[in-house]
>>> print(open('input_28.cif').read())   # mmCIF, C-alpha atoms
data_coords
#
loop_
_atom_site.label_atom_id
_atom_site.label_comp_id
_atom_site.auth_asym_id
_atom_site.auth_seq_id
_atom_site.Cartn_x
_atom_site.Cartn_y
_atom_site.Cartn_z
CA MET B 30 37.82 36.80 -57.32
CA LYS B 31 38.65 35.69 -53.82
CA ASN B 32 40.48 32.61 -55.14
CA ILE B 33 42.61 34.87 -57.42
CA TYR B 34 43.72 36.90 -54.40
CA ILE B 35 44.58 33.75 -52.53
CA ILE B 36 46.66 32.37 -55.45
CA THR B 37 48.43 35.73 -55.90
CA ALA B 38 49.33 35.88 -52.23
CA PHE B 39 50.51 32.33 -52.32
CA THR B 40 52.68 33.04 -55.41
CA PHE B 41 54.15 36.13 -53.73
CA LEU B 42 55.00 34.03 -50.71
CA LEU B 43 56.84 31.49 -52.84
CA ILE B 44 58.82 34.20 -54.69
CA SER B 45 59.75 35.93 -51.47
CA CYS B 46 61.04 32.66 -50.05
CA GLY B 47 63.09 31.81 -53.08
CA GLY B 48 60.55 29.28 -54.32
CA LYS B 49 60.98 27.05 -51.25
CA GLU B 50 57.92 26.38 -49.04
CA GLN B 51 58.61 27.21 -45.43
CA SER B 52 57.17 25.35 -42.43
CA ILE B 53 55.00 27.09 -39.84
CA ASP B 54 57.77 26.93 -37.28
CA GLU B 55 60.23 28.62 -39.67
CA VAL B 56 57.78 31.40 -40.51
CA LEU B 57 56.95 32.02 -36.86
CA ALA B 58 60.65 31.96 -35.93
CA LYS B 59 61.48 34.80 -38.33
CA GLY B 60 58.85 37.02 -36.80
CA ASN B 61 57.93 38.70 -40.05
CA LEU B 62 54.30 39.86 -39.88
CA GLU B 63 53.75 39.79 -43.63
CA SER B 64 55.17 36.26 -43.86
CA ILE B 65 52.98 35.05 -41.00
CA ARG B 66 49.83 36.52 -42.61
CA ALA B 67 50.75 34.95 -45.93
CA LYS B 68 51.24 31.60 -44.25
CA ARG B 69 47.79 31.86 -42.64
CA THR B 70 46.24 32.64 -46.04
CA GLU B 71 47.98 29.63 -47.49
CA ILE B 72 46.56 27.29 -44.82
CA GLU B 73 43.05 28.74 -45.23
CA ALA B 74 43.25 28.05 -48.96
CA GLN B 75 44.25 24.47 -48.27
CA GLN B 76 41.36 24.09 -45.80
CA VAL B 77 38.80 25.35 -48.30
CA THR B 78 40.15 23.01 -50.95
CA ILE B 79 40.04 20.00 -48.60
CA SER B 80 36.45 20.80 -47.47
CA GLN B 81 35.28 20.98 -51.08
CA GLN B 82 36.98 17.71 -51.89
CA LEU B 83 35.42 15.97 -48.86
CA LYS B 84 31.99 17.23 -49.83
CA ARG B 85 32.39 15.83 -53.35
CA ILE B 86 33.54 12.51 -51.92
CA ASP B 87 30.56 12.28 -49.51
CA GLU B 88 28.13 13.04 -52.32
CA LYS B 89 29.63 10.30 -54.46
CA ILE B 90 29.51 7.80 -51.55
CA ALA B 91 25.86 8.62 -50.92
CA GLU B 92 25.16 8.16 -54.62
CA LEU B 93 26.87 4.78 -54.83
CA ASP B 94 25.94 3.33 -51.36
CA ASP B 95 22.65 1.37 -51.36
CA THR B 96 22.51 1.16 -47.54
CA LYS B 97 20.44 3.96 -45.95
CA LYS B 98 21.63 5.34 -42.64
CA LEU B 99 18.29 5.39 -40.79
CA PRO B 100 17.81 5.67 -37.01
CA LEU B 101 17.25 2.24 -35.47
CA VAL B 102 14.29 1.77 -33.12
CA THR B 103 12.37 -1.02 -31.45
CA THR B 104 8.61 -1.03 -31.07
CA VAL B 105 5.91 -2.52 -28.90
CA LYS B 106 2.27 -3.00 -29.83
CA ALA B 107 -0.51 -1.57 -27.71
CA LYS B 108 -2.94 -4.29 -26.68
CA THR B 109 -6.15 -4.51 -24.71
CA GLU B 110 -5.95 -6.50 -21.49
CA HIS B 111 -7.83 -7.16 -18.29
CA PHE B 112 -6.52 -4.36 -16.07
CA VAL B 113 -6.81 -4.45 -12.28
CA HIS B 114 -5.56 -1.40 -10.38
CA TYR B 115 -4.71 -1.53 -6.70
CA LEU B 116 -4.49 1.29 -4.18
CA GLU B 117 -1.50 0.47 -1.97
CA LEU B 118 -1.67 1.37 1.73
CA GLN B 119 -0.22 0.31 5.06
CA GLY B 120 -1.99 -0.78 8.20
CA SER B 121 -1.63 -2.84 11.36
CA VAL B 122 -3.52 -5.88 12.56
CA GLN B 123 -6.02 -5.36 15.34
CA THR B 124 -8.66 -7.30 17.22
CA LYS B 125 -11.59 -6.02 19.24
CA GLN B 126 -11.22 -9.00 21.57
CA ASN B 127 -7.90 -8.18 23.18
CA ILE B 128 -8.44 -7.15 26.79
CA VAL B 129 -6.89 -7.16 30.24
CA ILE B 130 -9.18 -8.59 32.90
CA TYR B 131 -9.51 -6.65 36.18
CA PRO B 132 -11.12 -8.00 39.38
CA GLU B 133 -14.52 -6.77 40.49
CA THR B 134 -13.84 -7.41 44.18
CA SER B 135 -10.85 -7.11 46.47
CA GLY B 136 -9.05 -9.98 48.18
CA ILE B 137 -6.21 -12.44 47.79
CA LEU B 138 -5.77 -14.10 44.39
CA GLN B 139 -6.28 -17.58 45.74
CA GLN B 140 -5.82 -19.66 42.63
CA VAL B 141 -5.07 -19.32 38.89
CA TYR B 142 -6.55 -22.14 36.82
CA VAL B 143 -4.95 -21.40 33.43
CA LYS B 144 -1.50 -21.03 31.88
CA GLU B 145 -0.11 -18.64 29.28
CA GLY B 146 -0.83 -19.84 25.74
CA GLN B 147 -3.81 -21.92 26.84
CA HIS B 148 -7.01 -21.83 24.77
CA VAL B 149 -10.12 -21.09 26.81
CA THR B 150 -13.82 -20.87 26.03
CA LYS B 151 -16.32 -18.18 26.96
CA GLY B 152 -17.43 -18.51 30.60
CA GLN B 153 -14.53 -20.77 31.61
CA ALA B 154 -13.14 -20.12 35.10
CA LEU B 155 -9.69 -18.50 34.91
CA ALA B 156 -8.89 -17.63 38.53
CA LYS B 157 -10.35 -17.50 42.05
CA ILE B 158 -10.20 -14.67 44.60
CA ASP B 159 -10.63 -15.43 48.31
CA ASP B 160 -14.32 -14.75 49.08
CA GLY B 161 -13.72 -13.73 52.70
CA GLY B 162 -16.49 -15.99 54.07
CA LEU B 163 -19.12 -15.07 51.49
CA GLU B 164 -19.80 -18.72 50.70
CA GLN B 165 -20.72 -19.43 54.36
CA GLN B 166 -22.95 -16.37 54.40
CA VAL B 167 -24.75 -17.65 51.34
CA SER B 168 -25.31 -21.03 53.00
CA GLN B 169 -26.72 -19.41 56.16
CA THR B 170 -28.93 -17.06 54.18
CA GLU B 171 -30.24 -19.96 52.10
CA ILE B 172 -31.32 -21.73 55.34
CA GLN B 173 -33.19 -18.59 56.42
CA LEU B 174 -34.69 -18.38 52.94
CA ALA B 175 -35.96 -21.96 53.17
CA LEU B 176 -37.65 -21.20 56.52
CA ALA B 177 -39.17 -17.99 55.19
CA GLU B 178 -40.46 -19.86 52.12
CA THR B 179 -42.09 -22.58 54.27
CA THR B 180 -43.71 -19.98 56.54
CA PHE B 181 -44.99 -18.02 53.56
CA LYS B 182 -46.52 -21.10 51.88
CA ARG B 183 -48.31 -22.14 55.08
CA GLN B 184 -49.58 -18.66 55.74
CA LYS B 185 -50.76 -18.46 52.14
CA ARG B 186 -52.82 -21.69 52.48
CA LEU B 187 -54.38 -20.39 55.67
CA TRP B 188 -55.17 -17.08 54.04
CA GLU B 189 -56.78 -18.87 51.10
CA GLN B 190 -58.96 -20.76 53.66
CA GLU B 191 -59.81 -17.41 55.29
CA ILE B 192 -57.93 -18.38 58.43
CA GLY B 193 -55.69 -15.82 60.04
CA SER B 194 -55.25 -12.12 59.31
CA GLU B 195 -54.12 -10.44 56.14
CA ILE B 196 -51.26 -8.74 57.92
CA GLN B 197 -49.78 -12.13 58.91
CA TYR B 198 -49.91 -13.23 55.27
CA LEU B 199 -48.29 -10.01 54.01
CA GLN B 200 -45.54 -10.18 56.65
CA ALA B 201 -44.70 -13.75 55.66
CA LYS B 202 -44.62 -12.83 51.98
CA SER B 203 -42.42 -9.78 52.59
CA ASN B 204 -39.99 -11.78 54.72
CA PHE B 205 -39.70 -14.48 52.06
CA GLU B 206 -39.03 -11.97 49.26
CA ALA B 207 -36.45 -10.10 51.36
CA GLN B 208 -34.59 -13.33 52.14
CA GLU B 209 -34.69 -14.29 48.45
CA GLN B 210 -33.15 -10.96 47.41
CA ALA B 211 -30.50 -11.28 50.11
CA VAL B 212 -29.48 -14.69 48.81
CA ASN B 213 -29.32 -13.43 45.20
CA GLN B 214 -27.21 -10.44 46.25
CA LEU B 215 -24.74 -12.60 48.15
CA LYS B 216 -24.51 -15.04 45.22
CA THR B 217 -23.76 -12.12 42.86
CA GLN B 218 -20.96 -10.96 45.15
CA LEU B 219 -19.66 -14.50 45.46
CA ALA B 220 -19.67 -14.92 41.66
CA LYS B 221 -17.37 -11.89 41.36
CA THR B 222 -14.67 -13.82 43.21
CA THR B 223 -14.43 -16.24 40.26
CA ILE B 224 -12.76 -14.71 37.19
CA VAL B 225 -14.27 -16.12 33.98
CA ALA B 226 -13.37 -15.70 30.30
CA PRO B 227 -15.54 -13.00 28.67
CA PHE B 228 -15.00 -14.64 25.27
CA SER B 229 -13.18 -17.59 23.74
CA GLY B 230 -9.51 -16.98 23.07
CA VAL B 231 -5.93 -17.53 24.20
CA ILE B 232 -4.40 -16.59 27.53
CA ASP B 233 -1.65 -14.22 26.43
CA ASP B 234 -0.28 -13.13 29.81
CA ILE B 235 -0.74 -13.98 33.49
CA ILE B 236 -0.04 -10.54 34.93
CA THR B 237 -0.67 -11.03 38.67
CA ASP B 238 0.82 -13.98 40.54
CA GLN B 239 -1.17 -16.29 42.74
CA GLY B 240 -1.24 -15.12 46.37
CA SER B 241 -1.18 -11.40 45.54
CA VAL B 242 -3.72 -8.97 46.96
CA VAL B 243 -5.87 -7.52 44.21
CA MET B 244 -8.12 -4.46 44.08
CA PRO B 245 -11.07 -3.81 41.77
CA GLY B 246 -10.24 -1.51 38.82
CA GLN B 247 -6.54 -1.38 39.76
CA SER B 248 -4.96 -4.83 39.61
CA GLN B 249 -4.39 -6.31 36.14
CA LEU B 250 -4.96 -10.05 36.32
CA ILE B 251 -4.91 -11.72 32.90
CA ARG B 252 -4.68 -10.68 29.25
CA ILE B 253 -6.88 -12.70 26.90
CA VAL B 254 -6.79 -12.40 23.10
CA ASN B 255 -9.06 -13.82 20.44
CA LEU B 256 -7.01 -14.49 17.29
CA LYS B 257 -10.00 -15.59 15.24
CA ASP B 258 -11.72 -12.25 14.63
CA MET B 259 -8.77 -10.19 13.33
CA PHE B 260 -8.92 -7.12 11.12
CA ILE B 261 -6.73 -4.36 9.70
CA GLU B 262 -7.69 -0.73 10.09
CA THR B 263 -6.22 1.83 7.69
CA GLU B 264 -6.92 5.37 6.49
CA VAL B 265 -7.84 6.03 2.85
CA PRO B 266 -7.64 9.46 1.09
CA GLU B 267 -11.08 10.99 0.53
CA ASN B 268 -10.76 11.01 -3.29
CA TYR B 269 -11.16 7.21 -3.21
CA ILE B 270 -14.44 7.32 -1.28
CA THR B 271 -16.52 6.15 -4.28
CA ASP B 272 -14.10 3.35 -5.22
CA VAL B 273 -13.10 1.93 -1.84
CA VAL B 274 -16.35 0.55 -0.45
CA LYS B 275 -17.57 -2.43 1.54
CA GLY B 276 -17.03 -5.72 -0.30
CA LYS B 277 -14.05 -4.57 -2.40
CA MET B 278 -11.35 -7.21 -2.81
CA VAL B 279 -8.08 -6.67 -0.95
CA LYS B 280 -4.68 -8.40 -1.09
CA VAL B 281 -2.98 -8.27 2.31
CA GLU B 282 0.76 -8.91 2.45
CA PHE B 283 2.61 -9.59 5.68
CA PRO B 284 6.32 -8.92 4.93
CA ILE B 285 7.54 -10.46 8.19
CA LEU B 286 5.60 -13.69 7.65
CA GLY B 287 6.20 -13.77 3.89
CA THR B 288 2.53 -14.55 3.25
CA THR B 289 -0.31 -12.95 1.28
CA VAL B 290 -4.02 -13.24 2.11
CA ASP B 291 -6.98 -12.51 -0.18
CA THR B 292 -9.85 -10.88 1.69
CA GLU B 293 -12.29 -7.95 1.39
CA ILE B 294 -13.33 -4.71 3.05
CA ARG B 295 -15.86 -5.45 5.77
CA GLN B 296 -16.55 -1.85 6.77
CA ALA B 297 -15.93 1.61 5.26
CA SER B 298 -16.44 4.65 7.45
CA ASN B 299 -18.89 7.37 6.46
CA PHE B 300 -16.94 10.01 8.38
CA ILE B 301 -14.08 11.98 6.79
CA ASN B 302 -11.44 13.17 9.21
CA PRO B 303 -11.14 16.96 8.66
CA ALA B 304 -7.54 16.96 9.92
CA ASN B 305 -6.09 14.75 7.17
CA ARG B 306 -9.06 14.30 4.78
CA THR B 307 -9.15 10.51 5.12
CA PHE B 308 -11.72 7.90 6.08
CA LYS B 309 -11.19 4.59 7.84
CA VAL B 310 -11.77 1.11 6.48
CA GLU B 311 -11.66 -2.27 8.17
CA VAL B 312 -10.35 -5.30 6.32
CA ALA B 313 -11.13 -8.75 7.68
CA VAL B 314 -8.12 -11.04 8.15
CA PRO B 315 -8.60 -14.84 8.12
CA ASN B 316 -6.33 -16.39 10.73
CA LYS B 317 -6.89 -20.14 10.78
CA ASN B 318 -3.31 -20.92 11.81
CA GLU B 319 -3.28 -18.09 14.39
CA ASN B 320 0.13 -16.93 13.15
CA ILE B 321 -1.13 -13.37 12.57
CA LYS B 322 -0.76 -11.32 15.74
CA PRO B 323 -2.19 -7.97 16.88
CA ASN B 324 -0.18 -4.88 15.82
CA LEU B 325 1.56 -6.82 13.01
CA THR B 326 2.41 -4.52 10.08
CA ALA B 327 0.62 -5.25 6.80
CA LYS B 328 0.64 -3.91 3.23
CA LEU B 329 -2.78 -3.59 1.63
CA LYS B 330 -3.61 -3.59 -2.07
CA ILE B 331 -7.23 -2.49 -2.47
CA ASN B 332 -8.83 -3.08 -5.86
CA ASP B 333 -10.19 0.40 -6.62
CA TYR B 334 -10.47 0.11 -10.43
CA THR B 335 -11.00 -2.68 -12.97
CA SER B 336 -11.24 -2.56 -16.77
CA GLU B 337 -11.89 -5.56 -19.00
CA ASN B 338 -10.49 -3.94 -22.20
CA ALA B 339 -7.80 -1.48 -21.17
CA VAL B 340 -5.13 -0.35 -23.66
CA LEU B 341 -1.85 -0.72 -21.79
CA ILE B 342 1.61 0.58 -22.72
CA PRO B 343 4.95 0.80 -20.86
CA LEU B 344 5.13 3.85 -18.63
CA SER B 345 8.74 4.56 -19.64
CA ILE B 346 7.97 5.46 -23.27
CA ILE B 347 5.73 8.44 -22.46
CA SER B 348 7.09 11.99 -22.83
CA GLU B 349 5.60 15.35 -21.98
CA ASN B 350 5.68 18.62 -23.91
CA ALA B 351 5.85 22.22 -22.67
CA ASN B 352 2.06 22.38 -22.41
CA GLY B 353 1.95 19.42 -20.06
CA GLU B 354 0.52 17.11 -22.72
CA GLN B 355 1.67 13.51 -22.79
CA TYR B 356 2.76 12.03 -26.09
CA ILE B 357 4.31 8.96 -27.68
CA TYR B 358 5.74 8.09 -31.11
CA VAL B 359 4.03 5.53 -33.32
CA VAL B 360 5.25 4.12 -36.64
CA ASN B 361 3.11 3.94 -39.77
CA ASN B 362 3.50 2.62 -43.32
CA LYS B 363 6.14 0.08 -42.38
CA ASN B 364 7.53 -1.81 -45.40
CA GLU B 365 9.11 -5.22 -45.70
CA ASP B 366 12.54 -3.84 -44.77
CA GLY B 367 11.19 -2.42 -41.50
CA GLU B 368 11.33 1.18 -42.71
CA ALA B 369 8.48 3.31 -41.36
CA THR B 370 7.40 6.88 -40.75
CA VAL B 371 7.34 8.35 -37.24
CA ASN B 372 4.20 10.14 -36.00
CA ARG B 373 3.92 11.90 -32.67
CA VAL B 374 0.56 11.23 -30.95
CA ILE B 375 -0.93 13.13 -28.01
CA ILE B 376 -2.54 10.70 -25.55
CA GLU B 377 -4.69 10.82 -22.42
CA THR B 378 -3.71 8.39 -19.69
CA GLY B 379 -5.46 6.81 -16.73
CA LYS B 380 -4.21 4.75 -13.82
CA THR B 381 -0.73 3.30 -13.45
CA GLN B 382 0.11 -0.14 -12.08
CA ASN B 383 3.75 -1.21 -11.68
CA ASP B 384 5.47 -0.36 -15.05
CA VAL B 385 2.37 -0.03 -17.27
CA ILE B 386 -0.21 2.70 -17.73
CA GLU B 387 -3.70 2.72 -19.23
CA VAL B 388 -4.26 4.88 -22.33
CA LEU B 389 -7.77 6.36 -22.37
CA SER B 390 -7.54 8.07 -25.77
CA GLY B 391 -5.10 8.77 -28.61
CA ILE B 392 -4.25 5.26 -29.77
CA GLU B 393 -6.12 2.07 -30.50
CA ASN B 394 -5.47 -1.60 -29.94
CA GLY B 395 -2.60 -2.81 -32.14
CA ALA B 396 -0.85 0.54 -32.57
CA GLU B 397 2.92 0.08 -32.97
CA ILE B 398 4.71 2.36 -30.53
CA ILE B 399 8.41 3.18 -30.47
CA LYS B 400 10.00 1.79 -27.32
CA GLU B 401 13.80 2.06 -27.61
CA GLY B 402 15.03 5.10 -29.52
CA ALA B 403 11.98 7.25 -28.85
CA ARG B 404 14.11 10.03 -27.35
CA SER B 405 16.18 10.47 -30.52
CA VAL B 406 13.49 10.62 -33.22
CA THR B 407 11.37 13.49 -34.54
CA ASN B 408 7.90 13.73 -35.99
CA GLY B 409 7.78 12.73 -39.67
CA GLN B 410 11.21 11.09 -39.64
CA THR B 411 11.90 7.79 -41.37
CA VAL B 412 13.26 5.06 -39.10
CA LYS B 413 14.15 1.38 -39.30
CA VAL B 414 12.36 -0.97 -36.91
CA ILE B 415 14.54 -3.81 -35.61
CA ASN B 416 12.43 -5.80 -33.16
CA TYR B 417 14.37 -8.78 -31.75
#
>>> encode(input="input_28.cif", output="structure tokens")
Amino acid sequence: MKNIYIITAFTFLLISCGGKEQSIDEVLAKGNLESIRAKRTEIEAQQVTISQQLKRIDEKIAELDDTKKLPLVTTVKAKTEHFVHYLELQGSVQTKQNIVIYPETSGILQQVYVKEGQHVTKGQALAKIDDGGLEQQVSQTEIQLALAETTFKRQKRLWEQEIGSEIQYLQAKSNFEAQEQAVNQLKTQLAKTTIVAPFSGVIDDIITDQGSVVMPGQSQLIRIVNLKDMFIETEVPENYITDVVKGKMVKVEFPILGTTVDTEIRQASNFINPANRTFKVEVAVPNKNENIKPNLTAKLKINDYTSENAVLIPLSIISENANGEQYIYVVNNKNEDGEATVNRVIIETGKTQNDVIEVLSGIENGAEIIKEGARSVTNGQTVKVINY
């Protein structure tokens, strides 16, 4: 019925125009409302006719065309691998044998025996402070000690032969012991005037120049560093306390040096800092070439998790729904032409390393997962797999 009205209106328009079809511009220029409405009806009729014709053409093309217009995707197969996860942290190199030596007695720094950069051994003399005559006092006291010792030995022999009094024997013994203690005390004070290395290491800095007056506990003399026993101290979040333990393997990278060292955790603290909920670990650092220095920045990769048969997939192909569930698309029933059905699978994931993630449940080894094109497919859709 509607088409009859349209044809009637169209016929009326032709009659009113003398049988000649007018252009849109001509109709609009005349300003006749009825003519304008008739022209609009005419165009609508043409539009309906064209749409119907296009639909018939599309249906015929689909009937005759053997090529199916399927979404193109690429896939990757899930596979089990040896998976090593690393906790990445930062730390700085330290050594417990890095000290500044102070004098134990006052006086003039008479002589410095070492140079900066020199290797020294434990107990080696590093410098000498003027003893202020202590060495002469020791010599004099040793002479008195020798006399007291001779007197005591003679008095002892007499006492053993029951000659002389007991008081003479005791006085000789007391005098000998007093002189012996005096000599030992002077030698101890004299030894303090010689600065010795407390451990083997390298002289890093000569702080006080020769000839300067030094005071005990105030004047810094020499800095000595041992570059053999180096370690890195870092703080680890408390949720890793069961995984990051003594003996765990660690990869230590020194960005400035461009080197990487394989080592292990030598100590893990049992105390959790309540301020930041972390615990400290110490990582030993081999330093045979002595190119690693104290306070050098380091990146640590601590092996906190290892799986021999982990199912790994690219992290980029995982999506998440409104419920917070992670899912991926897998293809099933793939034929010889690469046509397959899409299935959405909810998965549970574990740890991430670089651009891969471990799948704990949801898929098995060998599952074919959509990689490129996953964002444009829907569950149950047919797709064409075109792996290169």
>>> closest_residue(input="input_28.cif", among="B:Val113, B:Asn299, B:Lys125, B:Phe228", to="B:Val279", atoms="only C-alpha atoms")
B:Val113
>>> resolve_selection(input="input_28.cif", expression="the PyMOL selection byres ((chain B and resi 244-246) around 7)", output="VMD selection string")
chain B and resid 131 to 136 242 to 243 247 to 248
>>> resolve_selection(input="input_28.cif", expression="the PyMOL selection byres ((chain B and resi 328) around 7)", output="PyMOL selection string")
chain B and resi 118-120+281-283+327+329-330
>>> resolve_selection(input="input_28.cif", expression="the PyMOL selection byres ((chain B and resi 394) around 6)", output="JSON, numbers by chain")
{"B": [107, 108, 393, 395, 396]}
>>> residues_around(input="input_28.cif", residues="stretch 128-130 of chain B", least_positions_apart="2", cutoff="7 Å", atoms="all atoms listed in the file", output="compact mmCIF listing (two decimals) with C-alpha atoms, keeping the file's coordinate frame")
# COMPACT_ATOMS: atom_id res chain seq x y z
CA GLN B 126 -11.22 -9.00 21.57
CA PRO B 132 -11.12 -8.00 39.38
CA GLN B 249 -4.39 -6.31 36.14
CA LEU B 250 -4.96 -10.05 36.32
CA ILE B 251 -4.91 -11.72 32.90
CA ARG B 252 -4.68 -10.68 29.25
CA ILE B 253 -6.88 -12.70 26.90
CA VAL B 254 -6.79 -12.40 23.10
>>> atom_distance(input="input_28.cif", atom1="atom CA of B:Ile224", atom2="atom CA of B:Asp238")
14.0 Å
>>> closest_residue(input="input_28.cif", among="B:Val122, B:Ile415, B:Lys157, B:Lys106", to="B:Lys221", atoms="all atoms listed in the file")
B:Lys157
>>> closest_residue(input="input_28.cif", among="B:Lys413, B:Lys309, B:Arg295, B:Lys182", to="B:Pro266", atoms="all atoms listed in the file")
B:Lys309
>>> atom_distance(input="input_28.cif", atom1="atom CA of B:Asn408", atom2="atom CA of B:Tyr358")
7.8 Å
>>> decode(input="input_28.cif", residues="stretch 343-415 of chain B", atoms="C-alpha atoms", output="compact mmCIF listing (two decimals), in the first residue's frame")
# COMPACT_ATOMS: atom_id res chain seq x y z
CA PRO B 343 53.03 -14.42 26.19
CA LEU B 344 51.80 -11.90 28.74
CA SER B 345 50.34 -9.65 26.03
CA ILE B 346 47.59 -12.07 24.94
CA ILE B 347 45.82 -12.18 28.31
CA SER B 348 42.59 -10.19 28.83
CA GLU B 349 40.47 -9.59 31.89
CA ASN B 350 36.69 -9.57 32.28
CA ALA B 351 34.46 -7.46 34.53
CA ASN B 352 34.79 -9.99 37.35
CA GLY B 353 38.56 -9.69 37.36
CA GLU B 354 39.04 -13.12 35.78
CA GLN B 355 41.84 -13.56 33.27
CA TYR B 356 41.06 -15.26 29.99
CA ILE B 357 42.52 -16.14 26.60
CA TYR B 358 41.14 -17.46 23.30
CA VAL B 359 42.11 -20.90 22.03
CA VAL B 360 41.26 -22.49 18.69
CA ASN B 361 39.79 -25.97 18.31
CA ASN B 362 38.79 -28.26 15.44
CA LYS B 363 41.18 -26.66 12.98
CA ASN B 364 40.87 -28.11 9.45
CA GLU B 365 43.35 -28.32 6.61
CA ASP B 366 42.46 -24.81 5.43
CA GLY B 367 43.29 -23.35 8.85
CA GLU B 368 39.66 -22.73 9.75
CA ALA B 369 38.94 -23.25 13.44
CA THR B 370 36.47 -22.44 16.19
CA VAL B 371 37.28 -19.87 18.89
CA ASN B 372 36.80 -20.79 22.57
CA ARG B 373 37.30 -18.39 25.45
CA VAL B 374 39.11 -20.03 28.39
CA ILE B 375 39.38 -18.69 31.95
CA ILE B 376 42.90 -19.23 33.30
CA GLU B 377 44.78 -18.88 36.58
CA THR B 378 48.25 -17.37 36.31
CA GLY B 379 51.38 -17.41 38.43
CA LYS B 380 54.62 -15.48 38.25
CA THR B 381 55.72 -13.23 35.40
CA GLN B 382 59.24 -13.00 33.99
CA ASN B 383 60.03 -10.50 31.22
CA ASP B 384 57.26 -10.96 28.55
CA VAL B 385 55.98 -14.43 29.58
CA ILE B 386 53.71 -15.62 32.36
CA GLU B 387 53.13 -19.04 33.92
CA VAL B 388 49.64 -20.56 33.57
CA LEU B 389 48.71 -22.61 36.64
CA SER B 390 45.35 -23.89 35.37
CA GLY B 391 42.94 -23.57 32.44
CA ILE B 392 45.06 -24.86 29.57
CA GLU B 393 47.41 -27.75 28.96
CA ASN B 394 50.66 -28.22 27.12
CA GLY B 395 50.14 -27.87 23.35
CA ALA B 396 47.02 -25.70 23.48
CA GLU B 397 46.84 -23.37 20.45
CA ILE B 398 46.24 -19.83 21.66
CA ILE B 399 45.28 -16.83 19.54
CA LYS B 400 48.09 -14.28 19.57
CA GLU B 401 47.38 -11.62 16.93
CA GLY B 402 43.71 -10.81 16.43
CA ALA B 403 42.59 -11.88 19.90
CA ARG B 404 41.01 -8.48 20.58
CA SER B 405 38.66 -8.73 17.59
CA VAL B 406 37.21 -12.23 17.99
CA THR B 407 34.30 -13.57 20.03
CA ASN B 408 33.57 -16.86 21.71
CA GLY B 409 32.28 -19.49 19.26
CA GLN B 410 33.35 -17.56 16.17
CA THR B 411 34.98 -19.23 13.19
CA VAL B 412 38.40 -17.83 12.26
CA LYS B 413 41.20 -18.58 9.82
CA VAL B 414 44.65 -19.26 11.30
CA ILE B 415 47.51 -17.88 9.21
